[in-house]
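What follows is the content of protein19.cif, which has mmCIF, N, CA, C and O atoms:
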data_structure
loop_
_atom_site.group_PDB
_atom_site.id
_atom_site.type_symbol
_atom_site.label_atom_id
_atom_site.label_comp_id
_atom_site.auth_asym_id
_atom_site.auth_seq_id
_atom_site.Cartn_x
_atom_site.Cartn_y
_atom_site.Cartn_z
ATOM 1 N N GLN A 28 0.834 -1.178 0.000
ATOM 2 C CA GLN A 28 0.000 0.000 0.000
ATOM 3 C C GLN A 28 0.876 1.236 0.000
ATOM 4 O O GLN A 28 1.944 1.256 0.600
ATOM 5 N N VAL A 29 0.385 2.252 -0.653
ATOM 6 C CA VAL A 29 1.076 3.530 -0.732
ATOM 7 C C VAL A 29 0.101 4.608 -0.280
ATOM 8 O O VAL A 29 -1.055 4.624 -0.710
ATOM 9 N N SER A 30 0.592 5.505 0.559
ATOM 10 C CA SER A 30 -0.294 6.552 1.063
ATOM 11 C C SER A 30 -0.603 7.576 -0.023
ATOM 12 O O SER A 30 0.132 7.733 -1.001
ATOM 13 N N ARG A 31 -1.679 8.281 0.157
ATOM 14 C CA ARG A 31 -2.083 9.330 -0.770
ATOM 15 C C ARG A 31 -1.009 10.414 -0.824
ATOM 16 O O ARG A 31 -0.669 10.919 -1.887
ATOM 17 N N TRP A 32 -0.450 10.761 0.316
ATOM 18 C CA TRP A 32 0.590 11.783 0.403
ATOM 19 C C TRP A 32 1.812 11.379 -0.434
ATOM 20 O O TRP A 32 2.380 12.204 -1.154
ATOM 21 N N THR A 33 2.216 10.119 -0.357
ATOM 22 C CA THR A 33 3.356 9.632 -1.128
ATOM 23 C C THR A 33 3.071 9.734 -2.619
ATOM 24 O O THR A 33 3.940 10.141 -3.401
ATOM 25 N N LEU A 34 1.869 9.383 -3.029
ATOM 26 C CA LEU A 34 1.510 9.492 -4.444
ATOM 27 C C LEU A 34 1.561 10.941 -4.913
ATOM 28 O O LEU A 34 2.068 11.234 -5.998
ATOM 29 N N TYR A 35 1.050 11.863 -4.104
ATOM 30 C CA TYR A 35 1.103 13.276 -4.470
ATOM 31 C C TYR A 35 2.547 13.747 -4.609
ATOM 32 O O TYR A 35 2.886 14.484 -5.525
ATOM 33 N N GLN A 36 3.410 13.322 -3.708
ATOM 34 C CA GLN A 36 4.822 13.708 -3.780
ATOM 35 C C GLN A 36 5.467 13.156 -5.049
ATOM 36 O O GLN A 36 6.238 13.859 -5.710
ATOM 37 N N LEU A 37 5.179 11.903 -5.393
ATOM 38 C CA LEU A 37 5.737 11.298 -6.604
ATOM 39 C C LEU A 37 5.244 12.020 -7.860
ATOM 40 O O LEU A 37 6.013 12.244 -8.801
ATOM 41 N N MET A 38 3.973 12.402 -7.884
ATOM 42 C CA MET A 38 3.436 13.113 -9.039
ATOM 43 C C MET A 38 4.041 14.513 -9.145
ATOM 44 O O MET A 38 4.406 14.954 -10.233
ATOM 45 N N ASN A 39 4.162 15.212 -8.025
ATOM 46 C CA ASN A 39 4.707 16.576 -8.041
ATOM 47 C C ASN A 39 6.175 16.604 -8.428
ATOM 48 O O ASN A 39 6.637 17.547 -9.063
ATOM 49 N N SER A 40 6.925 15.560 -8.068
ATOM 50 C CA SER A 40 8.343 15.516 -8.398
ATOM 51 C C SER A 40 8.583 15.046 -9.831
ATOM 52 O O SER A 40 9.697 15.132 -10.332
ATOM 53 N N GLY A 41 7.549 14.530 -10.486
ATOM 54 C CA GLY A 41 7.682 14.055 -11.853
ATOM 55 C C GLY A 41 8.107 12.604 -11.959
ATOM 56 O O GLY A 41 8.312 12.098 -13.055
ATOM 57 N N GLU A 42 8.248 11.923 -10.828
ATOM 58 C CA GLU A 42 8.648 10.515 -10.855
ATOM 59 C C GLU A 42 7.517 9.610 -11.317
ATOM 60 O O GLU A 42 7.757 8.525 -11.825
ATOM 61 N N LEU A 43 6.284 10.050 -11.126
ATOM 62 C CA LEU A 43 5.111 9.262 -11.503
ATOM 63 C C LEU A 43 4.205 10.139 -12.350
ATOM 64 O O LEU A 43 3.769 11.209 -11.906
ATOM 65 N N ASP A 44 3.939 9.706 -13.577
ATOM 66 C CA ASP A 44 3.092 10.480 -14.480
ATOM 67 C C ASP A 44 1.629 10.317 -14.103
ATOM 68 O O ASP A 44 1.208 9.252 -13.641
ATOM 69 N N SER A 45 0.867 11.392 -14.314
ATOM 70 C CA SER A 45 -0.568 11.336 -14.073
ATOM 71 C C SER A 45 -1.275 12.186 -15.101
ATOM 72 O O SER A 45 -0.662 13.018 -15.765
ATOM 73 N N ILE A 46 -2.563 11.969 -15.224
ATOM 74 C CA ILE A 46 -3.390 12.693 -16.178
ATOM 75 C C ILE A 46 -4.468 13.427 -15.390
ATOM 76 O O ILE A 46 -5.110 12.845 -14.512
ATOM 77 N N VAL A 47 -4.662 14.700 -15.708
ATOM 78 C CA VAL A 47 -5.702 15.488 -15.066
ATOM 79 C C VAL A 47 -7.002 15.279 -15.835
ATOM 80 O O VAL A 47 -7.053 15.462 -17.043
ATOM 81 N N VAL A 48 -8.035 14.885 -15.099
ATOM 82 C CA VAL A 48 -9.353 14.677 -15.690
ATOM 83 C C VAL A 48 -10.309 15.620 -14.976
ATOM 84 O O VAL A 48 -10.493 15.531 -13.762
ATOM 85 N N GLY A 49 -10.888 16.545 -15.706
ATOM 86 C CA GLY A 49 -11.769 17.518 -15.077
ATOM 87 C C GLY A 49 -10.971 18.562 -14.317
ATOM 88 O O GLY A 49 -9.836 18.879 -14.659
ATOM 89 N N VAL A 50 -11.568 19.081 -13.265
ATOM 90 C CA VAL A 50 -10.952 20.165 -12.514
ATOM 91 C C VAL A 50 -10.057 19.647 -11.390
ATOM 92 O O VAL A 50 -8.935 20.104 -11.230
ATOM 93 N N ARG A 51 -10.526 18.689 -10.627
ATOM 94 C CA ARG A 51 -9.786 18.259 -9.442
ATOM 95 C C ARG A 51 -9.448 16.776 -9.427
ATOM 96 O O ARG A 51 -9.052 16.248 -8.404
ATOM 97 N N CYS A 52 -9.585 16.115 -10.540
ATOM 98 C CA CYS A 52 -9.413 14.675 -10.563
ATOM 99 C C CYS A 52 -8.151 14.292 -11.334
ATOM 100 O O CYS A 52 -7.907 14.787 -12.422
ATOM 101 N N ARG A 53 -7.343 13.411 -10.756
ATOM 102 C CA ARG A 53 -6.136 12.902 -11.408
ATOM 103 C C ARG A 53 -6.245 11.397 -11.519
ATOM 104 O O ARG A 53 -6.749 10.731 -10.630
ATOM 105 N N ARG A 54 -5.715 10.889 -12.614
ATOM 106 C CA ARG A 54 -5.661 9.447 -12.834
ATOM 107 C C ARG A 54 -4.223 9.071 -13.171
ATOM 108 O O ARG A 54 -3.527 9.809 -13.863
ATOM 109 N N ILE A 55 -3.792 7.916 -12.686
ATOM 110 C CA ILE A 55 -2.456 7.409 -12.972
ATOM 111 C C ILE A 55 -2.619 6.228 -13.916
ATOM 112 O O ILE A 55 -3.195 5.209 -13.536
ATOM 113 N N PRO A 56 -2.122 6.361 -15.143
ATOM 114 C CA PRO A 56 -2.243 5.249 -16.096
ATOM 115 C C PRO A 56 -1.447 4.031 -15.625
ATOM 116 O O PRO A 56 -0.421 4.162 -14.959
ATOM 117 N N GLU A 57 -1.927 2.866 -15.972
ATOM 118 C CA GLU A 57 -1.252 1.625 -15.602
ATOM 119 C C GLU A 57 0.174 1.602 -16.147
ATOM 120 O O GLU A 57 1.099 1.128 -15.481
ATOM 121 N N SER A 58 0.352 2.134 -17.348
ATOM 122 C CA SER A 58 1.688 2.162 -17.940
ATOM 123 C C SER A 58 2.654 3.021 -17.124
ATOM 124 O O SER A 58 3.841 2.703 -17.023
ATOM 125 N N ALA A 59 2.153 4.096 -16.502
ATOM 126 C CA ALA A 59 3.009 4.948 -15.661
ATOM 127 C C ALA A 59 3.456 4.185 -14.420
ATOM 128 O O ALA A 59 4.612 4.304 -13.994
ATOM 129 N N LEU A 60 2.563 3.390 -13.855
ATOM 130 C CA LEU A 60 2.933 2.571 -12.692
ATOM 131 C C LEU A 60 3.951 1.512 -13.087
ATOM 132 O O LEU A 60 4.925 1.284 -12.359
ATOM 133 N N ASP A 61 3.747 0.880 -14.245
ATOM 134 C CA ASP A 61 4.695 -0.128 -14.726
ATOM 135 C C ASP A 61 6.082 0.477 -14.921
ATOM 136 O O ASP A 61 7.087 -0.115 -14.528
ATOM 137 N N ASP A 62 6.135 1.665 -15.526
ATOM 138 C CA ASP A 62 7.415 2.340 -15.751
ATOM 139 C C ASP A 62 8.097 2.681 -14.427
ATOM 140 O O ASP A 62 9.299 2.489 -14.273
ATOM 141 N N TYR A 63 7.322 3.191 -13.482
ATOM 142 C CA TYR A 63 7.882 3.568 -12.181
ATOM 143 C C TYR A 63 8.438 2.340 -11.454
ATOM 144 O O TYR A 63 9.545 2.369 -10.921
ATOM 145 N N LEU A 64 7.696 1.248 -11.472
ATOM 146 C CA LEU A 64 8.158 0.019 -10.804
ATOM 147 C C LEU A 64 9.395 -0.554 -11.495
ATOM 148 O O LEU A 64 10.299 -1.052 -10.833
ATOM 149 N N ALA A 65 9.454 -0.462 -12.816
ATOM 150 C CA ALA A 65 10.630 -0.935 -13.551
ATOM 151 C C ALA A 65 11.862 -0.132 -13.156
ATOM 152 O O ALA A 65 12.948 -0.700 -12.958
ATOM 153 N N ARG A 66 11.718 1.194 -13.021
ATOM 154 C CA ARG A 66 12.846 2.027 -12.591
ATOM 155 C C ARG A 66 13.294 1.655 -11.185
ATOM 156 O O ARG A 66 14.498 1.600 -10.903
ATOM 157 N N LEU A 67 12.349 1.376 -10.280
ATOM 158 C CA LEU A 67 12.702 0.983 -8.914
ATOM 159 C C LEU A 67 13.483 -0.333 -8.918
ATOM 160 O O LEU A 67 14.459 -0.485 -8.179
ATOM 161 N N CYS A 68 13.055 -1.280 -9.739
ATOM 162 C CA CYS A 68 13.725 -2.574 -9.814
ATOM 163 C C CYS A 68 15.133 -2.424 -10.384
ATOM 164 O O CYS A 68 16.064 -3.092 -9.914
ATOM 165 N N GLU A 69 15.299 -1.557 -11.377
ATOM 166 C CA GLU A 69 16.630 -1.328 -11.951
ATOM 167 C C GLU A 69 17.573 -0.713 -10.932
ATOM 168 O O GLU A 69 18.748 -1.071 -10.857
ATOM 169 N N GLU A 70 17.070 0.227 -10.141
ATOM 170 C CA GLU A 70 17.893 0.887 -9.130
ATOM 171 C C GLU A 70 18.288 -0.088 -8.027
ATOM 172 O O GLU A 70 19.374 0.004 -7.470
ATOM 173 N N ALA A 71 17.413 -1.035 -7.716
ATOM 174 C CA ALA A 71 17.682 -1.991 -6.637
ATOM 175 C C ALA A 71 18.703 -3.034 -7.072
ATOM 176 O O ALA A 71 19.387 -3.607 -6.233
ATOM 177 N N ALA A 72 18.801 -3.276 -8.365
ATOM 178 C CA ALA A 72 19.710 -4.326 -8.874
ATOM 179 C C ALA A 72 21.130 -3.876 -8.956
ATOM 180 O O ALA A 72 21.643 -2.932 -8.677
#
Rewritten as structure tokens:
Amino acid sequence: QVSRWTLYQLMNSGELDSIVVGVRCRRIPESALDDYLARLCEEAA
């Protein structure tokens, strides 16, 4: 699990891509999560 605060920090820093839908709604595409997890795995190796 990841906290909402952590997700906001990742989006604001540009580490996790998101899409703005409407005025106050953000969505994180599955591909953005896959890319972020791949980068984490590369850094850990």
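The space separating atom CA of A:Arg54 from atom CA of A:Leu34 comes to 11.0 Å.
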Figure out the distance between atom O of A:Gly49 and atom C of A:Asp62, please, to one decimal in Å.
24.2 Å
Atom N of A:Tyr63 sits from atom CA of A:Leu43 at a separation of 6.8 Å
DSSP-assigned strand (DSSP E) among chain A, expressed as an NGL selection string
:A and (46-48 or 52-54)
Of A:Val48, A:Arg31, A:Glu42, A:Gln36, the one sitting nearest A:Ala65 when using only C-alpha atoms is A:Glu42
Non-local contacts of A:Ile55 (8 Å; all atoms listed in the file; under 2 positions in same chain excluded) as a list in words:
Leu43, Asp44, Ser45, Ile46, Val47, Cys52, Arg53, Glu57, Ser58, Ala59 and Leu60 of chain A
According to DSSP computed on the backbone, where in chain A is there helix (DSSP H, G or I)? Give the residues as number ranges by chain.
A: 31-40, 57-71
